[in-house]
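Have a look at the structure below before the remarks.
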Amino acid sequence: MARLNIALGQRSYDILVEAGALGQVAEHVAPWTRRGRTLWVSDSHVAQHHWPKVEAQLATAGVEAHLHVVPAGEASKRWAELARLIDWLLAMGVERSDTIFALGGGMIGDLTGFAASIVKRGCEFVQIPTTLLAQVDSSVGGKTAINTAAGKNLVGTFYQPKFVLIDPQVLATLPAREMRAGYAEVVKYGLIDDAPFFDWCEANGGQVLKQEPAALEHAIVTSVAAKARIVGEDERETKDKRALLNLGHTFGHALEADTGFGERLLHGEAVGVGMVLALRYSARRGLCDAADAQRVARHLGACAMPTSLSAAGVTAGGAELVDHMRHDKKMTGGTLPFLLLHAIGQTYVAHDVDLDDVARFLDEEHRRGA
Ligand code: GLY
């Protein structure tokens with residue numbers, strides 16, 4: 001069990017990591033229960049697994065629980081579902097002092113957080129993430145968003161939750177592939193600025209994926225502590241600090257765009273390949289040792305994750321992949337900040353990356369059959 005705090009002045013909040021916490025959900029949400037009732041948002045899969053237990057506990061505690069169900073899947077992070085959610089909140093008579101509970105993965109957290117930030121000009125919300133990816137990344141830090149026809153996460157807000165409740169035991173119902181995809185984001189924290197944690201991942205990643213309780217909790221707590229520290233220093237990504245969390249995401253985003261942002265290549269899988277590409281590109285520029293790239297690829301490969309363009313099912317050439325990058329929302333003044341590495345645990349933001357050179361690199365990666 002660990003209680004962490006994200007220090008953001010008046011917007012500070014706690015993140016509780018506790019195995020079995022969902023079993024005491026009524027107690028944990030009591031400080032945010034208003035007028036004897038609670039408003040919940042979940043997706044069709046998560047609600048099936050967890051809602052009966054949550055509802056029963058709240059009923060025992062004498063708290064009314066109302067649930068809005070969003071169809072499962074990234075496709076629900078869109079205007080129409082946002083409108084449906086807001087209409088439901090208004091129909092429920094939501095007041096500014098109400099708290100909205102997001103029970104689900106990244107899609108539910110992003111959609112609910114966005115709705116909470118705009119309904120009645122802002123209501124409180126609490127995150128209860130149910131995927132590893134949401135537990136170690138998206139539920140913490142206050143990024144909310146929906147996707148539009150122009151791209152992913154292009155409309156949203158920075159809006160911090162009041163509390164994040166993480167129960168590692170809820171991952172027991174998560175498909176193994178999603179568990180692995182979330183684990184890529186765990187490894188990311190080692191690569192950013194914590195080489196000893198990457199060593200730990202190499203030794204214990206198998207145990208994390210098997211959900212051995214102590215290893216899983218250590219992986220989650222270390223990741224959340226790193227994220228809390230980084231967001232505490234640069235909440236709105238203006239100082240080249242929070243941007244470090246985007247390691248693997250620029251390459252990864254292009255791979256996701258090529259594979260349709262869906263089941264063919266999950267977000268975490270794309271980030272895993274993207275981190276290997278960031279290391280390989282850094283080595284090509286003489287910034288880091290090629291052995292570091294091999295080491296990370298070996299670890300992710302040992303965890304049954306794709307580590308190359310071909311394994312990710314990417315067929316587009318360098319120019320096409322770079323074209324996807326040019327539409328990235330981080331593009332400023334014609335340049336795209338890139339996360340490169342001097343070594344494992346030494347990531348930095350490079351502002352001098354020539355996208356034509358990245359396209360040549362990606363074509364080389366294709367040619368080497370990687
Ligand atoms: N997922 C990256 C961030 O929260 O900044």
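Every chain in the structure tokens takes a letter, A first, then B, and so on in the order presented; its residues are numbered from 1, and the ligands are numbered from 1 following the presented order.
Residues in contact with A:Tyr183 at up to 8 Å, not including ones fewer than 5 positions away on its chain and judged by only C-alpha atoms, are Leu132, Leu133, Leu209 and Gly268 of chain A.
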Please save N, CA, C and O atoms of the selected residues as a PDB file, in the first residue's frame.
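The file below, result_19.pdb, is the result:
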```pdb
ATOM      1  N   LEU A 132      -3.621  -1.369 -16.676  1.00  0.00           N
ATOM      2  CA  LEU A 132      -2.278  -1.016 -16.197  1.00  0.00           C
ATOM      3  C   LEU A 132      -1.845   0.316 -16.814  1.00  0.00           C
ATOM      4  O   LEU A 132      -1.253   1.165 -16.138  1.00  0.00           O
ATOM      5  N   LEU A 133      -2.168   0.501 -18.092  1.00  0.00           N
ATOM      6  CA  LEU A 133      -1.764   1.743 -18.755  1.00  0.00           C
ATOM      7  C   LEU A 133      -2.379   2.965 -18.060  1.00  0.00           C
ATOM      8  O   LEU A 133      -1.707   3.966 -17.807  1.00  0.00           O
ATOM      9  N   LEU A 209       4.158  -9.019 -15.186  1.00  0.00           N
ATOM     10  CA  LEU A 209       3.151  -9.458 -16.166  1.00  0.00           C
ATOM     11  C   LEU A 209       2.325 -10.625 -15.646  1.00  0.00           C
ATOM     12  O   LEU A 209       1.168 -10.787 -16.010  1.00  0.00           O
ATOM     13  N   GLY A 268       0.083   1.094 -26.166  1.00  0.00           N
ATOM     14  CA  GLY A 268       1.285   0.729 -25.396  1.00  0.00           C
ATOM     15  C   GLY A 268       2.286  -0.043 -26.244  1.00  0.00           C
ATOM     16  O   GLY A 268       3.507   0.117 -26.090  1.00  0.00           O
TER      17      GLY A 268
END
```
Open item on the list: If the limit is 6 Å from any atom of ligand 1, counting only C-alpha atoms and all ligand atoms, which residues qualify? Return them as a list in words.
Closed with: Asp137, Ser138, Gly141, Lys143, Arg242, Leu245 and Asn246 of chain A
Task: Interatomic distance, atom CA of A:Gly142 to atom CA of A:Asp110 (Å, one decimal) - done: 8.7 Å
Open item on the list: Give me, as a PyMOL selection string, the residues of stretch 65-222 of chain A that a backbone DSSP run labels strand (DSSP E).
Closed with: chain A and resi 65-70+99-104+124-129+143-148+151-158+163-166
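From atom CA of A:Ala278 back to atom CA of A:Gly333, the distance works out to 22.0 Å.
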Open item on the list: Quick check, in Å to one decimal: how far apart do atom CA of A:Arg96 and atom CA of A:Ile166 lie?
Closed with: 24.8 Å
TODO: Choose the residue, out of A:Gly156, A:Pro31, A:Pro52, A:Gly73, that has the smallest atom-to-atom separation from A:Phe125; count only C-alpha atoms.
DONE: A:Pro31
Open item on the list: Can you tell me which residues surround A:Ala65 at a distance of at most 9 Å, considering only C-alpha atoms, apart from same-chain residues fewer than 5 positions away, and format the answer as a ChimeraX atom specification?
Closed with: /A:36-40,54-55,58-59
Kindly export the residues of the current selection with N, CA and C atoms, as a short mmCIF file (atom, residue, chain, number, x, y, z; two decimals), in the first residue's frame.
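This is the output file out-v2.cif:
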```cif
data_model
loop_
_atom_site.label_atom_id
_atom_site.label_comp_id
_atom_site.auth_asym_id
_atom_site.auth_seq_id
_atom_site.Cartn_x
_atom_site.Cartn_y
_atom_site.Cartn_z
N GLY A 36 -25.48 12.39 -0.49
CA GLY A 36 -25.85 10.98 -0.39
C GLY A 36 -25.93 10.24 -1.71
N ARG A 37 -25.31 10.83 -2.75
CA ARG A 37 -25.37 10.13 -4.04
C ARG A 37 -24.05 10.30 -4.80
N THR A 38 -23.84 9.38 -5.74
CA THR A 38 -22.60 9.44 -6.52
C THR A 38 -22.94 9.21 -7.99
N LEU A 39 -22.16 9.86 -8.87
CA LEU A 39 -22.36 9.74 -10.32
C LEU A 39 -21.14 9.04 -10.92
N TRP A 40 -21.36 7.95 -11.62
CA TRP A 40 -20.27 7.12 -12.12
C TRP A 40 -20.31 7.02 -13.63
N VAL A 54 -19.21 -2.59 -6.93
CA VAL A 54 -19.17 -1.18 -6.50
C VAL A 54 -20.57 -0.74 -6.04
N GLU A 55 -21.57 -1.07 -6.85
CA GLU A 55 -22.94 -0.65 -6.55
C GLU A 55 -23.41 -1.26 -5.22
N LEU A 58 -21.81 0.52 -2.27
CA LEU A 58 -22.36 1.85 -2.04
C LEU A 58 -23.76 1.73 -1.44
N ALA A 59 -24.52 0.75 -1.90
CA ALA A 59 -25.87 0.55 -1.36
C ALA A 59 -25.79 0.21 0.13
#
```
TODO: Would you mind listing what lies within 7 Å of A:Gly113 as a list in words, with only C-alpha atoms counted and same-chain residues fewer than 4 positions away left out?
DONE: Gly109, Ser117, Phe125, Thr144 and Tyr159 of chain A
TODO: Please provide the set of residues having any atom within 10 Å of A:His249, restricted to only C-alpha atoms, with same-chain residues fewer than 6 positions apart removed, written as a PyMOL selection string.
DONE: chain A and resi 255-256+267-268+270-275+278+338-339
How about saving the chosen residues, all heavy atoms kept, as a PDB file, in the first residue's frame?
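Result file is out_26.pdb:
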```pdb
ATOM      1  N   LEU A 255       3.183   5.117 -35.972  1.00  0.00           N
ATOM      2  CA  LEU A 255       2.897   3.692 -36.185  1.00  0.00           C
ATOM      3  C   LEU A 255       1.410   3.414 -35.944  1.00  0.00           C
ATOM      4  O   LEU A 255       0.781   2.647 -36.678  1.00  0.00           O
ATOM      5  CB  LEU A 255       3.736   2.802 -35.252  1.00  0.00           C
ATOM      6  CG  LEU A 255       5.248   3.050 -35.193  1.00  0.00           C
ATOM      7  CD1 LEU A 255       5.942   1.940 -34.417  1.00  0.00           C
ATOM      8  CD2 LEU A 255       5.846   3.165 -36.579  1.00  0.00           C
ATOM      9  N   GLU A 256       0.858   4.058 -34.921  1.00  0.00           N
ATOM     10  CA  GLU A 256      -0.576   3.875 -34.651  1.00  0.00           C
ATOM     11  C   GLU A 256      -1.413   4.437 -35.797  1.00  0.00           C
ATOM     12  O   GLU A 256      -2.421   3.847 -36.177  1.00  0.00           O
ATOM     13  CB  GLU A 256      -0.972   4.617 -33.370  1.00  0.00           C
ATOM     14  CG  GLU A 256      -0.599   3.908 -32.085  1.00  0.00           C
ATOM     15  CD  GLU A 256      -1.151   4.685 -30.890  1.00  0.00           C
ATOM     16  OE1 GLU A 256      -0.483   5.638 -30.447  1.00  0.00           O
ATOM     17  OE2 GLU A 256      -2.245   4.342 -30.419  1.00  0.00           O
ATOM     18  N   HIS A 267      -1.921   1.095 -28.213  1.00  0.00           N
ATOM     19  CA  HIS A 267      -1.117   2.292 -27.912  1.00  0.00           C
ATOM     20  C   HIS A 267       0.181   1.925 -27.186  1.00  0.00           C
ATOM     21  O   HIS A 267       1.272   2.359 -27.581  1.00  0.00           O
ATOM     22  CB  HIS A 267      -1.947   3.275 -27.078  1.00  0.00           C
ATOM     23  CG  HIS A 267      -1.161   4.449 -26.598  1.00  0.00           C
ATOM     24  ND1 HIS A 267      -0.721   5.437 -27.438  1.00  0.00           N
ATOM     25  CD2 HIS A 267      -0.696   4.771 -25.353  1.00  0.00           C
ATOM     26  CE1 HIS A 267      -0.023   6.335 -26.744  1.00  0.00           C
ATOM     27  NE2 HIS A 267       0.001   5.953 -25.479  1.00  0.00           N
ATOM     28  N   GLY A 268       0.083   1.094 -26.166  1.00  0.00           N
ATOM     29  CA  GLY A 268       1.285   0.729 -25.396  1.00  0.00           C
ATOM     30  C   GLY A 268       2.286  -0.043 -26.244  1.00  0.00           C
ATOM     31  O   GLY A 268       3.507   0.117 -26.090  1.00  0.00           O
ATOM     32  N   ALA A 270       2.675   0.366 -29.469  1.00  0.00           N
ATOM     33  CA  ALA A 270       3.296   1.376 -30.338  1.00  0.00           C
ATOM     34  C   ALA A 270       4.351   2.167 -29.563  1.00  0.00           C
ATOM     35  O   ALA A 270       5.429   2.483 -30.090  1.00  0.00           O
ATOM     36  CB  ALA A 270       2.227   2.319 -30.889  1.00  0.00           C
ATOM     37  N   VAL A 271       4.067   2.458 -28.297  1.00  0.00           N
ATOM     38  CA  VAL A 271       5.046   3.190 -27.465  1.00  0.00           C
ATOM     39  C   VAL A 271       6.297   2.325 -27.262  1.00  0.00           C
ATOM     40  O   VAL A 271       7.426   2.818 -27.316  1.00  0.00           O
ATOM     41  CB  VAL A 271       4.411   3.587 -26.110  1.00  0.00           C
ATOM     42  CG1 VAL A 271       5.453   4.081 -25.120  1.00  0.00           C
ATOM     43  CG2 VAL A 271       3.353   4.660 -26.329  1.00  0.00           C
ATOM     44  N   GLY A 272       6.103   1.022 -27.061  1.00  0.00           N
ATOM     45  CA  GLY A 272       7.246   0.110 -26.888  1.00  0.00           C
ATOM     46  C   GLY A 272       8.145   0.128 -28.113  1.00  0.00           C
ATOM     47  O   GLY A 272       9.365   0.326 -28.010  1.00  0.00           O
ATOM     48  N   VAL A 273       7.556  -0.024 -29.298  1.00  0.00           N
ATOM     49  CA  VAL A 273       8.361   0.008 -30.530  1.00  0.00           C
ATOM     50  C   VAL A 273       8.961   1.413 -30.682  1.00  0.00           C
ATOM     51  O   VAL A 273      10.135   1.562 -31.048  1.00  0.00           O
ATOM     52  CB  VAL A 273       7.503  -0.331 -31.780  1.00  0.00           C
ATOM     53  CG1 VAL A 273       8.357  -0.295 -33.042  1.00  0.00           C
ATOM     54  CG2 VAL A 273       6.844  -1.701 -31.625  1.00  0.00           C
ATOM     55  N   GLY A 274       8.161   2.428 -30.360  1.00  0.00           N
ATOM     56  CA  GLY A 274       8.636   3.813 -30.479  1.00  0.00           C
ATOM     57  C   GLY A 274       9.850   4.080 -29.594  1.00  0.00           C
ATOM     58  O   GLY A 274      10.769   4.803 -29.985  1.00  0.00           O
ATOM     59  N   MET A 275       9.880   3.468 -28.408  1.00  0.00           N
ATOM     60  CA  MET A 275      11.043   3.678 -27.514  1.00  0.00           C
ATOM     61  C   MET A 275      12.283   3.006 -28.106  1.00  0.00           C
ATOM     62  O   MET A 275      13.389   3.561 -28.050  1.00  0.00           O
ATOM     63  CB  MET A 275      10.746   3.122 -26.120  1.00  0.00           C
ATOM     64  CG  MET A 275       9.642   3.901 -25.407  1.00  0.00           C
ATOM     65  SD  MET A 275       9.425   3.520 -23.658  1.00  0.00           S
ATOM     66  CE  MET A 275       9.041   1.786 -23.670  1.00  0.00           C
ATOM     67  N   ALA A 278      13.430   5.225 -30.848  1.00  0.00           N
ATOM     68  CA  ALA A 278      14.081   6.436 -30.315  1.00  0.00           C
ATOM     69  C   ALA A 278      15.521   6.114 -29.913  1.00  0.00           C
ATOM     70  O   ALA A 278      16.441   6.913 -30.146  1.00  0.00           O
ATOM     71  CB  ALA A 278      13.297   6.970 -29.115  1.00  0.00           C
ATOM     72  N   PHE A 338      11.701  16.066 -30.210  1.00  0.00           N
ATOM     73  CA  PHE A 338      11.866  14.611 -30.222  1.00  0.00           C
ATOM     74  C   PHE A 338      12.507  14.168 -28.929  1.00  0.00           C
ATOM     75  O   PHE A 338      13.403  14.831 -28.412  1.00  0.00           O
ATOM     76  CB  PHE A 338      12.808  14.204 -31.376  1.00  0.00           C
ATOM     77  CG  PHE A 338      12.085  13.557 -32.516  1.00  0.00           C
ATOM     78  CD1 PHE A 338      11.409  14.322 -33.446  1.00  0.00           C
ATOM     79  CD2 PHE A 338      12.087  12.171 -32.664  1.00  0.00           C
ATOM     80  CE1 PHE A 338      10.742  13.726 -34.500  1.00  0.00           C
ATOM     81  CE2 PHE A 338      11.421  11.570 -33.709  1.00  0.00           C
ATOM     82  CZ  PHE A 338      10.755  12.347 -34.633  1.00  0.00           C
ATOM     83  N   LEU A 339      12.071  13.040 -28.405  1.00  0.00           N
ATOM     84  CA  LEU A 339      12.662  12.499 -27.175  1.00  0.00           C
ATOM     85  C   LEU A 339      13.767  11.544 -27.570  1.00  0.00           C
ATOM     86  O   LEU A 339      13.508  10.500 -28.159  1.00  0.00           O
ATOM     87  CB  LEU A 339      11.589  11.779 -26.354  1.00  0.00           C
ATOM     88  CG  LEU A 339      10.637  12.653 -25.534  1.00  0.00           C
ATOM     89  CD1 LEU A 339      11.437  13.430 -24.500  1.00  0.00           C
ATOM     90  CD2 LEU A 339       9.845  13.634 -26.369  1.00  0.00           C
TER      91      LEU A 339
END
```
- [ ] From the DSSP assignment of the backbone, select every residue of stretch 24-84 of chain A that is alpha helix (DSSP H), and format the answer as a ChimeraX atom specification.
- [x] /A:25-29,44-60,79-84
Output N, CA and C atoms of each residue in that selection to a file, as a JSON list (two decimals), in the first residue's frame.
```json
[["chain", "number", "residue", "atom", "x", "y", "z"],
["A", 25, "VAL", "N", -14.59, 0.34, -1.66],
["A", 25, "VAL", "CA", -14.75, 1.56, -2.44],
["A", 25, "VAL", "C", -15.62, 2.61, -1.74],
["A", 26, "ALA", "N", -16.64, 2.16, -1.03],
["A", 26, "ALA", "CA", -17.55, 3.14, -0.41],
["A", 26, "ALA", "C", -16.77, 4.00, 0.59],
["A", 27, "GLU", "N", -15.89, 3.35, 1.34],
["A", 27, "GLU", "CA", -15.06, 4.07, 2.32],
["A", 27, "GLU", "C", -14.12, 5.05, 1.61],
["A", 28, "HIS", "N", -13.50, 4.57, 0.52],
["A", 28, "HIS", "CA", -12.53, 5.43, -0.19],
["A", 28, "HIS", "C", -13.18, 6.63, -0.86],
["A", 29, "VAL", "N", -14.41, 6.47, -1.33],
["A", 29, "VAL", "CA", -15.02, 7.61, -2.03],
["A", 29, "VAL", "C", -15.85, 8.50, -1.09],
["A", 44, "SER", "N", -18.67, -0.41, -21.19],
["A", 44, "SER", "CA", -19.51, -1.62, -21.18],
["A", 44, "SER", "C", -18.75, -2.84, -20.66],
["A", 45, "HIS", "N", -17.44, -2.97, -20.93],
["A", 45, "HIS", "CA", -16.69, -4.13, -20.42],
["A", 45, "HIS", "C", -16.42, -4.02, -18.93],
["A", 46, "VAL", "N", -15.89, -2.87, -18.55],
["A", 46, "VAL", "CA", -15.51, -2.67, -17.15],
["A", 46, "VAL", "C", -16.74, -2.75, -16.24],
["A", 47, "ALA", "N", -17.83, -2.15, -16.70],
["A", 47, "ALA", "CA", -19.06, -2.16, -15.88],
["A", 47, "ALA", "C", -19.50, -3.59, -15.61],
["A", 48, "GLN", "N", -19.37, -4.44, -16.64],
["A", 48, "GLN", "CA", -19.76, -5.84, -16.49],
["A", 48, "GLN", "C", -18.94, -6.52, -15.36],
["A", 49, "HIS", "N", -17.62, -6.25, -15.36],
["A", 49, "HIS", "CA", -16.74, -6.89, -14.37],
["A", 49, "HIS", "C", -16.88, -6.29, -12.97],
["A", 50, "HIS", "N", -16.94, -4.96, -12.88],
["A", 50, "HIS", "CA", -16.76, -4.33, -11.57],
["A", 50, "HIS", "C", -17.97, -3.60, -10.99],
["A", 51, "TRP", "N", -18.94, -3.23, -11.85],
["A", 51, "TRP", "CA", -20.01, -2.39, -11.33],
["A", 51, "TRP", "C", -20.86, -3.06, -10.24],
["A", 52, "PRO", "N", -21.23, -4.34, -10.41],
["A", 52, "PRO", "CA", -22.10, -4.94, -9.38],
["A", 52, "PRO", "C", -21.49, -4.83, -7.98],
["A", 53, "LYS", "N", -20.16, -5.05, -7.92],
["A", 53, "LYS", "CA", -19.48, -4.98, -6.62],
["A", 53, "LYS", "C", -19.49, -3.55, -6.06],
["A", 54, "VAL", "N", -19.21, -2.59, -6.93],
["A", 54, "VAL", "CA", -19.17, -1.18, -6.50],
["A", 54, "VAL", "C", -20.57, -0.74, -6.04],
["A", 55, "GLU", "N", -21.57, -1.07, -6.85],
["A", 55, "GLU", "CA", -22.94, -0.65, -6.55],
["A", 55, "GLU", "C", -23.41, -1.26, -5.22],
["A", 56, "ALA", "N", -23.08, -2.55, -5.03],
["A", 56, "ALA", "CA", -23.52, -3.23, -3.81],
["A", 56, "ALA", "C", -22.90, -2.58, -2.57],
["A", 57, "GLN", "N", -21.62, -2.25, -2.69],
["A", 57, "GLN", "CA", -20.97, -1.63, -1.52],
["A", 57, "GLN", "C", -21.53, -0.26, -1.20],
["A", 58, "LEU", "N", -21.81, 0.52, -2.27],
["A", 58, "LEU", "CA", -22.36, 1.85, -2.04],
["A", 58, "LEU", "C", -23.76, 1.73, -1.44],
["A", 59, "ALA", "N", -24.52, 0.75, -1.90],
["A", 59, "ALA", "CA", -25.87, 0.55, -1.36],
["A", 59, "ALA", "C", -25.79, 0.21, 0.13],
["A", 60, "THR", "N", -24.84, -0.66, 0.48],
["A", 60, "THR", "CA", -24.68, -1.03, 1.89],
["A", 60, "THR", "C", -24.34, 0.20, 2.73],
["A", 79, "TRP", "N", -16.85, 13.42, -29.94],
["A", 79, "TRP", "CA", -17.83, 14.46, -29.62],
["A", 79, "TRP", "C", -19.16, 13.86, -29.22],
["A", 80, "ALA", "N", -19.65, 12.87, -30.00],
["A", 80, "ALA", "CA", -21.01, 12.34, -29.77],
["A", 80, "ALA", "C", -21.11, 11.73, -28.36],
["A", 81, "GLU", "N", -20.08, 10.99, -27.94],
["A", 81, "GLU", "CA", -20.13, 10.38, -26.61],
["A", 81, "GLU", "C", -19.96, 11.44, -25.52],
["A", 82, "LEU", "N", -19.14, 12.46, -25.81],
["A", 82, "LEU", "CA", -18.99, 13.55, -24.84],
["A", 82, "LEU", "C", -20.35, 14.23, -24.63],
["A", 83, "ALA", "N", -21.06, 14.48, -25.74],
["A", 83, "ALA", "CA", -22.36, 15.14, -25.66],
["A", 83, "ALA", "C", -23.35, 14.26, -24.88],
["A", 84, "ARG", "N", -23.31, 12.93, -25.15],
["A", 84, "ARG", "CA", -24.24, 12.01, -24.47],
["A", 84, "ARG", "C", -23.96, 12.02, -22.96]]
```
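The residue set within 10 Å of A:Gly205, counting only C-alpha atoms and dropping same-chain residues fewer than 3 places from it, reads Arg180, Tyr183, Val186, Val187, Phe198, Asp199, Trp200, Cys201, Glu202, Val208, Leu209, Lys210, Gln211, Ala215, Leu216, Ala219, His299, Leu300, Ala302 and Cys303 of chain A.
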Based on the selection just made, write C-alpha atoms of those residues as a PDB file, in the first residue's frame.
```
ATOM      1  CA  ARG A 180       1.857  -6.105 -21.765  1.00  0.00           C
ATOM      2  CA  TYR A 183       3.905  -2.546 -19.096  1.00  0.00           C
ATOM      3  CA  VAL A 186       6.230   1.153 -16.893  1.00  0.00           C
ATOM      4  CA  VAL A 187       9.515   0.490 -18.707  1.00  0.00           C
ATOM      5  CA  PHE A 198      15.091  -0.377 -15.848  1.00  0.00           C
ATOM      6  CA  ASP A 199      17.525  -2.921 -14.316  1.00  0.00           C
ATOM      7  CA  TRP A 200      14.714  -3.889 -11.942  1.00  0.00           C
ATOM      8  CA  CYS A 201      12.282  -4.252 -14.867  1.00  0.00           C
ATOM      9  CA  GLU A 202      14.693  -6.576 -16.662  1.00  0.00           C
ATOM     10  CA  VAL A 208       4.872  -7.977 -13.119  1.00  0.00           C
ATOM     11  CA  LEU A 209       3.151  -9.458 -16.166  1.00  0.00           C
ATOM     12  CA  LYS A 210       2.142 -12.520 -14.167  1.00  0.00           C
ATOM     13  CA  GLN A 211       0.699 -10.096 -11.605  1.00  0.00           C
ATOM     14  CA  ALA A 215       6.293  -6.943  -8.155  1.00  0.00           C
ATOM     15  CA  LEU A 216       3.125  -5.453  -9.637  1.00  0.00           C
ATOM     16  CA  ALA A 219       6.050  -1.339 -10.705  1.00  0.00           C
ATOM     17  CA  HIS A 299      13.683  -6.942 -22.714  1.00  0.00           C
ATOM     18  CA  LEU A 300      10.473  -5.920 -24.510  1.00  0.00           C
ATOM     19  CA  ALA A 302      11.273 -11.237 -23.900  1.00  0.00           C
ATOM     20  CA  CYS A 303       7.951  -9.840 -22.647  1.00  0.00           C
TER      21      CYS A 303
END
```
